[in-house]
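Colleague: Handing over final07.pdb, PDB, N, CA and C atoms.
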ATOM      1  N   MET A   1      -8.294  65.069   1.518
ATOM      2  CA  MET A   1      -7.817  66.146   2.329
ATOM      3  C   MET A   1      -8.988  66.629   3.176
ATOM      4  N   LEU A   2      -8.709  66.823   4.393
ATOM      5  CA  LEU A   2      -9.717  67.343   5.316
ATOM      6  C   LEU A   2      -9.206  68.656   5.874
ATOM      7  N   LEU A   3      -9.952  69.702   5.656
ATOM      8  CA  LEU A   3      -9.623  70.996   6.242
ATOM      9  C   LEU A   3     -10.576  71.230   7.399
ATOM     10  N   VAL A   4     -10.018  71.555   8.546
ATOM     11  CA  VAL A   4     -10.828  71.805   9.735
ATOM     12  C   VAL A   4     -10.677  73.263  10.116
ATOM     13  N   ARG A   5     -11.784  73.916  10.292
ATOM     14  CA  ARG A   5     -11.762  75.322  10.700
ATOM     15  C   ARG A   5     -11.261  75.449  12.123
ATOM     16  N   GLU A   6     -10.829  76.660  12.441
ATOM     17  CA  GLU A   6     -10.475  76.932  13.828
ATOM     18  C   GLU A   6     -11.696  76.618  14.685
ATOM     19  N   ASN A   7     -11.475  76.139  15.868
ATOM     20  CA  ASN A   7     -12.531  75.734  16.795
ATOM     21  C   ASN A   7     -13.281  74.503  16.289
ATOM     22  N   GLY A   8     -12.700  73.762  15.360
ATOM     23  CA  GLY A   8     -13.321  72.545  14.847
ATOM     24  C   GLY A   8     -12.674  71.294  15.407
ATOM     25  N   ALA A   9     -11.993  71.438  16.515
ATOM     26  CA  ALA A   9     -11.248  70.315  17.095
ATOM     27  C   ALA A   9     -12.159  69.149  17.462
ATOM     28  N   THR A  10     -13.351  69.416  17.942
ATOM     29  CA  THR A  10     -14.268  68.340  18.340
ATOM     30  C   THR A  10     -14.629  67.469  17.145
ATOM     31  N   VAL A  11     -14.950  68.097  16.047
ATOM     32  CA  VAL A  11     -15.301  67.355  14.835
ATOM     33  C   VAL A  11     -14.099  66.546  14.355
ATOM     34  N   ALA A  12     -12.920  67.152  14.371
ATOM     35  CA  ALA A  12     -11.705  66.466  13.926
ATOM     36  C   ALA A  12     -11.417  65.261  14.809
ATOM     37  N   ARG A  13     -11.560  65.403  16.115
ATOM     38  CA  ARG A  13     -11.317  64.272  17.033
ATOM     39  C   ARG A  13     -12.301  63.140  16.778
ATOM     40  N   LYS A  14     -13.582  63.475  16.587
ATOM     41  CA  LYS A  14     -14.584  62.444  16.322
ATOM     42  C   LYS A  14     -14.286  61.707  15.018
ATOM     43  N   LEU A  15     -13.907  62.453  14.000
ATOM     44  CA  LEU A  15     -13.579  61.848  12.715
ATOM     45  C   LEU A  15     -12.357  60.939  12.838
ATOM     46  N   LYS A  16     -11.318  61.405  13.513
ATOM     47  CA  LYS A  16     -10.120  60.581  13.704
ATOM     48  C   LYS A  16     -10.451  59.304  14.471
ATOM     49  N   LYS A  17     -11.353  59.409  15.460
ATOM     50  CA  LYS A  17     -11.752  58.223  16.231
ATOM     51  C   LYS A  17     -12.462  57.207  15.340
ATOM     52  N   VAL A  18     -13.372  57.670  14.496
ATOM     53  CA  VAL A  18     -14.088  56.773  13.582
ATOM     54  C   VAL A  18     -13.098  56.101  12.629
ATOM     55  N   ILE A  19     -12.170  56.867  12.111
ATOM     56  CA  ILE A  19     -11.161  56.313  11.199
ATOM     57  C   ILE A  19     -10.337  55.246  11.913
ATOM     58  N   ARG A  20      -9.897  55.540  13.128
ATOM     59  CA  ARG A  20      -9.123  54.572  13.917
ATOM     60  C   ARG A  20      -9.939  53.329  14.223
ATOM     61  N   ASP A  21     -11.186  53.516  14.672
ATOM     62  CA  ASP A  21     -12.043  52.390  15.056
ATOM     63  C   ASP A  21     -12.309  51.450  13.891
ATOM     64  N   ARG A  22     -12.387  51.993  12.701
ATOM     65  CA  ARG A  22     -12.637  51.163  11.514
ATOM     66  C   ARG A  22     -11.353  50.662  10.866
ATOM     67  N   LYS A  23     -10.222  50.970  11.528
ATOM     68  CA  LYS A  23      -8.906  50.526  11.066
ATOM     69  C   LYS A  23      -8.620  50.947   9.621
ATOM     70  N   ILE A  24      -8.999  52.172   9.299
ATOM     71  CA  ILE A  24      -8.729  52.737   7.985
ATOM     72  C   ILE A  24      -7.330  53.335   8.033
ATOM     73  N   ASP A  25      -6.477  52.897   7.116
ATOM     74  CA  ASP A  25      -5.089  53.350   7.100
ATOM     75  C   ASP A  25      -4.965  54.599   6.233
ATOM     76  N   ILE A  26      -4.758  55.719   6.870
ATOM     77  CA  ILE A  26      -4.561  56.971   6.128
ATOM     78  C   ILE A  26      -3.376  57.701   6.738
ATOM     79  N   GLY A  27      -2.805  58.592   5.974
ATOM     80  CA  GLY A  27      -1.748  59.440   6.512
ATOM     81  C   GLY A  27      -2.370  60.725   7.029
ATOM     82  N   MET A  28      -1.893  61.187   8.155
ATOM     83  CA  MET A  28      -2.409  62.434   8.712
ATOM     84  C   MET A  28      -1.246  63.338   9.049
ATOM     85  N   ASP A  29      -1.419  64.604   8.787
ATOM     86  CA  ASP A  29      -0.424  65.591   9.160
ATOM     87  C   ASP A  29      -1.167  66.875   9.484
ATOM     88  N   LEU A  30      -0.659  67.611  10.408
ATOM     89  CA  LEU A  30      -1.290  68.870  10.788
ATOM     90  C   LEU A  30      -0.774  69.993   9.909
ATOM     91  N   LEU A  31      -1.648  70.863   9.521
ATOM     92  CA  LEU A  31      -1.291  72.056   8.769
ATOM     93  C   LEU A  31      -1.800  73.237   9.580
ATOM     94  N   PHE A  32      -0.903  74.101   9.927
ATOM     95  CA  PHE A  32      -1.279  75.226  10.758
ATOM     96  C   PHE A  32      -1.735  76.406   9.906
ATOM     97  N   ALA A  33      -2.510  77.295  10.490
ATOM     98  CA  ALA A  33      -3.138  78.400   9.758
ATOM     99  C   ALA A  33      -2.131  79.297   9.049
ATOM    100  N   ASP A  34      -0.932  79.414   9.587
ATOM    101  CA  ASP A  34       0.048  80.305   8.964
ATOM    102  C   ASP A  34       0.868  79.618   7.870
ATOM    103  N   GLU A  35       0.594  78.339   7.597
ATOM    104  CA  GLU A  35       1.303  77.611   6.550
ATOM    105  C   GLU A  35       0.541  77.691   5.227
ATOM    106  N   ALA A  36       1.298  77.750   4.155
ATOM    107  CA  ALA A  36       0.676  77.792   2.822
ATOM    108  C   ALA A  36       0.151  76.408   2.455
ATOM    109  N   LEU A  37      -0.944  76.385   1.742
ATOM    110  CA  LEU A  37      -1.541  75.146   1.275
ATOM    111  C   LEU A  37      -1.192  74.986  -0.193
ATOM    112  N   LYS A  38      -0.444  73.941  -0.518
ATOM    113  CA  LYS A  38      -0.012  73.734  -1.897
ATOM    114  C   LYS A  38      -0.777  72.569  -2.493
ATOM    115  N   LEU A  39      -1.458  72.820  -3.598
ATOM    116  CA  LEU A  39      -2.213  71.788  -4.290
ATOM    117  C   LEU A  39      -1.651  71.629  -5.687
ATOM    118  N   LYS A  40      -1.704  70.418  -6.204
ATOM    119  CA  LYS A  40      -1.299  70.226  -7.587
ATOM    120  C   LYS A  40      -2.517  69.800  -8.382
ATOM    121  N   ASN A  41      -2.454  69.996  -9.670
ATOM    122  CA  ASN A  41      -3.564  69.648 -10.535
ATOM    123  C   ASN A  41      -3.569  68.134 -10.726
ATOM    124  N   ILE A  42      -4.473  67.465 -10.069
ATOM    125  CA  ILE A  42      -4.534  66.010 -10.100
ATOM    126  C   ILE A  42      -4.807  65.496 -11.506
ATOM    127  N   SER A  43      -5.635  66.183 -12.264
ATOM    128  CA  SER A  43      -5.987  65.699 -13.598
ATOM    129  C   SER A  43      -4.751  65.640 -14.496
ATOM    130  N   GLU A  44      -3.843  66.616 -14.379
ATOM    131  CA  GLU A  44      -2.616  66.582 -15.171
ATOM    132  C   GLU A  44      -1.726  65.419 -14.752
ATOM    133  N   SER A  45      -1.627  65.176 -13.465
ATOM    134  CA  SER A  45      -0.813  64.064 -12.972
ATOM    135  C   SER A  45      -1.363  62.732 -13.452
ATOM    136  N   MET A  46      -2.682  62.576 -13.388
ATOM    137  CA  MET A  46      -3.299  61.322 -13.809
ATOM    138  C   MET A  46      -3.146  61.115 -15.313
ATOM    139  N   GLU A  47      -3.276  62.192 -16.084
ATOM    140  CA  GLU A  47      -3.137  62.091 -17.531
ATOM    141  C   GLU A  47      -1.717  61.653 -17.894
ATOM    142  N   LYS A  48      -0.719  62.232 -17.231
ATOM    143  CA  LYS A  48       0.669  61.864 -17.495
ATOM    144  C   LYS A  48       0.919  60.409 -17.114
ATOM    145  N   ARG A  49       0.407  59.990 -15.963
ATOM    146  CA  ARG A  49       0.594  58.609 -15.512
ATOM    147  C   ARG A  49      -0.050  57.632 -16.491
ATOM    148  N   THR A  50      -1.231  57.958 -16.987
ATOM    149  CA  THR A  50      -1.928  57.094 -17.949
ATOM    150  C   THR A  50      -1.105  56.960 -19.223
ATOM    151  N   LYS A  51      -0.560  58.079 -19.715
ATOM    152  CA  LYS A  51       0.269  58.038 -20.921
ATOM    153  C   LYS A  51       1.514  57.180 -20.694
ATOM    154  N   GLU A  52       2.127  57.301 -19.514
ATOM    155  CA  GLU A  52       3.315  56.504 -19.212
ATOM    156  C   GLU A  52       2.975  55.019 -19.188
ATOM    157  N   GLU A  53       1.833  54.685 -18.590
ATOM    158  CA  GLU A  53       1.437  53.282 -18.504
ATOM    159  C   GLU A  53       1.128  52.707 -19.885
ATOM    160  N   GLU A  54       0.596  53.556 -20.772
ATOM    161  CA  GLU A  54       0.255  53.092 -22.118
ATOM    162  C   GLU A  54       1.456  53.154 -23.055
ATOM    163  N   GLY A  55       2.581  53.672 -22.573
ATOM    164  CA  GLY A  55       3.797  53.713 -23.356
ATOM    165  C   GLY A  55       3.832  54.771 -24.424
ATOM    166  N   GLU A  56       3.054  55.847 -24.244
ATOM    167  CA  GLU A  56       3.045  56.916 -25.240
ATOM    168  C   GLU A  56       4.350  57.709 -25.121
ATOM    169  N   PRO A  57       4.962  58.096 -26.258
ATOM    170  CA  PRO A  57       6.254  58.788 -26.225
ATOM    171  C   PRO A  57       6.205  60.187 -25.658
ATOM    172  N   ASP A  58       5.056  60.843 -25.614
ATOM    173  CA  ASP A  58       4.965  62.205 -25.110
ATOM    174  C   ASP A  58       5.099  62.294 -23.602
ATOM    175  N   ALA A  59       4.979  61.163 -22.904
ATOM    176  CA  ALA A  59       4.923  61.169 -21.437
ATOM    177  C   ALA A  59       6.218  61.616 -20.821
TER     178      ALA A  59
END
In structure tokens, write the structure found in this file.
Modeller:
Amino acid sequence: MLLVRENGATVARKLKKVIRDRKIDIGMDLLFADEALKLKNISESMEKRTKEEEGEPDA
């Protein structure tokens, strides 16, 4: 996740250009200042996925 401050458009454009030039496939979406930022606890998701892959019944 990349958060760009207001007035950080130049940095964002340069970064996007480098990503494009190196043909790095990523998803990009704009998040505006008035939108809420929702994060999930990655460690819990990974722990659940690991249990599912190992076939543990608690998953």
Colleague: Could you give me the centre and size, in Å to one decimal, of an axis-aligned box around all listed atoms of stretch 25-35 of chain A with 6 Å added on every side, as JSON?
Modeller:
{"center_x": -2.6, "center_y": 66.6, "center_z": 8.0, "size_x": 19.8, "size_y": 39.4, "size_z": 17.6}
Colleague: If I take atom CA of A:Lys14 and atom CA of A:Ala33, how far is one from the other in Å, to one decimal?
Modeller: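 For atom CA of A:Lys14 relative to atom CA of A:Ala33, the distance reads 20.7 Å.
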Colleague: Check the DSSP output for the backbone and give back, as a list in words, the residues of chain A in alpha helix (DSSP H).
Modeller: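 Of chain A, only Ala9, Thr10, Val11, Ala12, Arg13, Lys14, Leu15, Lys16, Lys17, Val18, Ile19, Arg20, Asp21, Ile42, Ser43, Glu44, Ser45, Met46, Glu47, Lys48, Arg49, Thr50, Lys51, Glu52, Glu53 and Glu54 of chain A fall in alpha helix (DSSP H).
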Colleague: Tell me, in Å to one decimal, how far atom CA of A:Leu2 is from atom CA of A:Val18.
Modeller: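 We find that atom CA of A:Leu2 and atom CA of A:Val18 lie 14.1 Å from each other.
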Colleague: Would you compute the distance between atom N of A:Leu31 and atom C of A:Lys17? Give it in Å to one decimal.
Modeller: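 Separation between atom N of A:Leu31 and atom C of A:Lys17: 18.4 Å.
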Colleague: Could you list, as a short mmCIF file (atom, residue, chain, number, x, y, z; two decimals) with N, CA and C atoms, in the frame of the given file, every residue within 12 Å of A:Leu3, counting only C-alpha atoms and ignoring same-chain residues fewer than 6 positions away?
Modeller:
data_model
loop_
_atom_site.label_atom_id
_atom_site.label_comp_id
_atom_site.auth_asym_id
_atom_site.auth_seq_id
_atom_site.Cartn_x
_atom_site.Cartn_y
_atom_site.Cartn_z
N ALA A 9 -11.99 71.44 16.52
CA ALA A 9 -11.25 70.32 17.10
C ALA A 9 -12.16 69.15 17.46
N VAL A 11 -14.95 68.10 16.05
CA VAL A 11 -15.30 67.36 14.84
C VAL A 11 -14.10 66.55 14.36
N ALA A 12 -12.92 67.15 14.37
CA ALA A 12 -11.70 66.47 13.93
C ALA A 12 -11.42 65.26 14.81
N LEU A 15 -13.91 62.45 14.00
CA LEU A 15 -13.58 61.85 12.72
C LEU A 15 -12.36 60.94 12.84
N MET A 28 -1.89 61.19 8.15
CA MET A 28 -2.41 62.43 8.71
C MET A 28 -1.25 63.34 9.05
N ASP A 29 -1.42 64.60 8.79
CA ASP A 29 -0.42 65.59 9.16
C ASP A 29 -1.17 66.88 9.48
N LEU A 30 -0.66 67.61 10.41
CA LEU A 30 -1.29 68.87 10.79
C LEU A 30 -0.77 69.99 9.91
N LEU A 31 -1.65 70.86 9.52
CA LEU A 31 -1.29 72.06 8.77
C LEU A 31 -1.80 73.24 9.58
N PHE A 32 -0.90 74.10 9.93
CA PHE A 32 -1.28 75.23 10.76
C PHE A 32 -1.74 76.41 9.91
N ALA A 33 -2.51 77.30 10.49
CA ALA A 33 -3.14 78.40 9.76
C ALA A 33 -2.13 79.30 9.05
N LEU A 37 -0.94 76.39 1.74
CA LEU A 37 -1.54 75.15 1.27
C LEU A 37 -1.19 74.99 -0.19
#
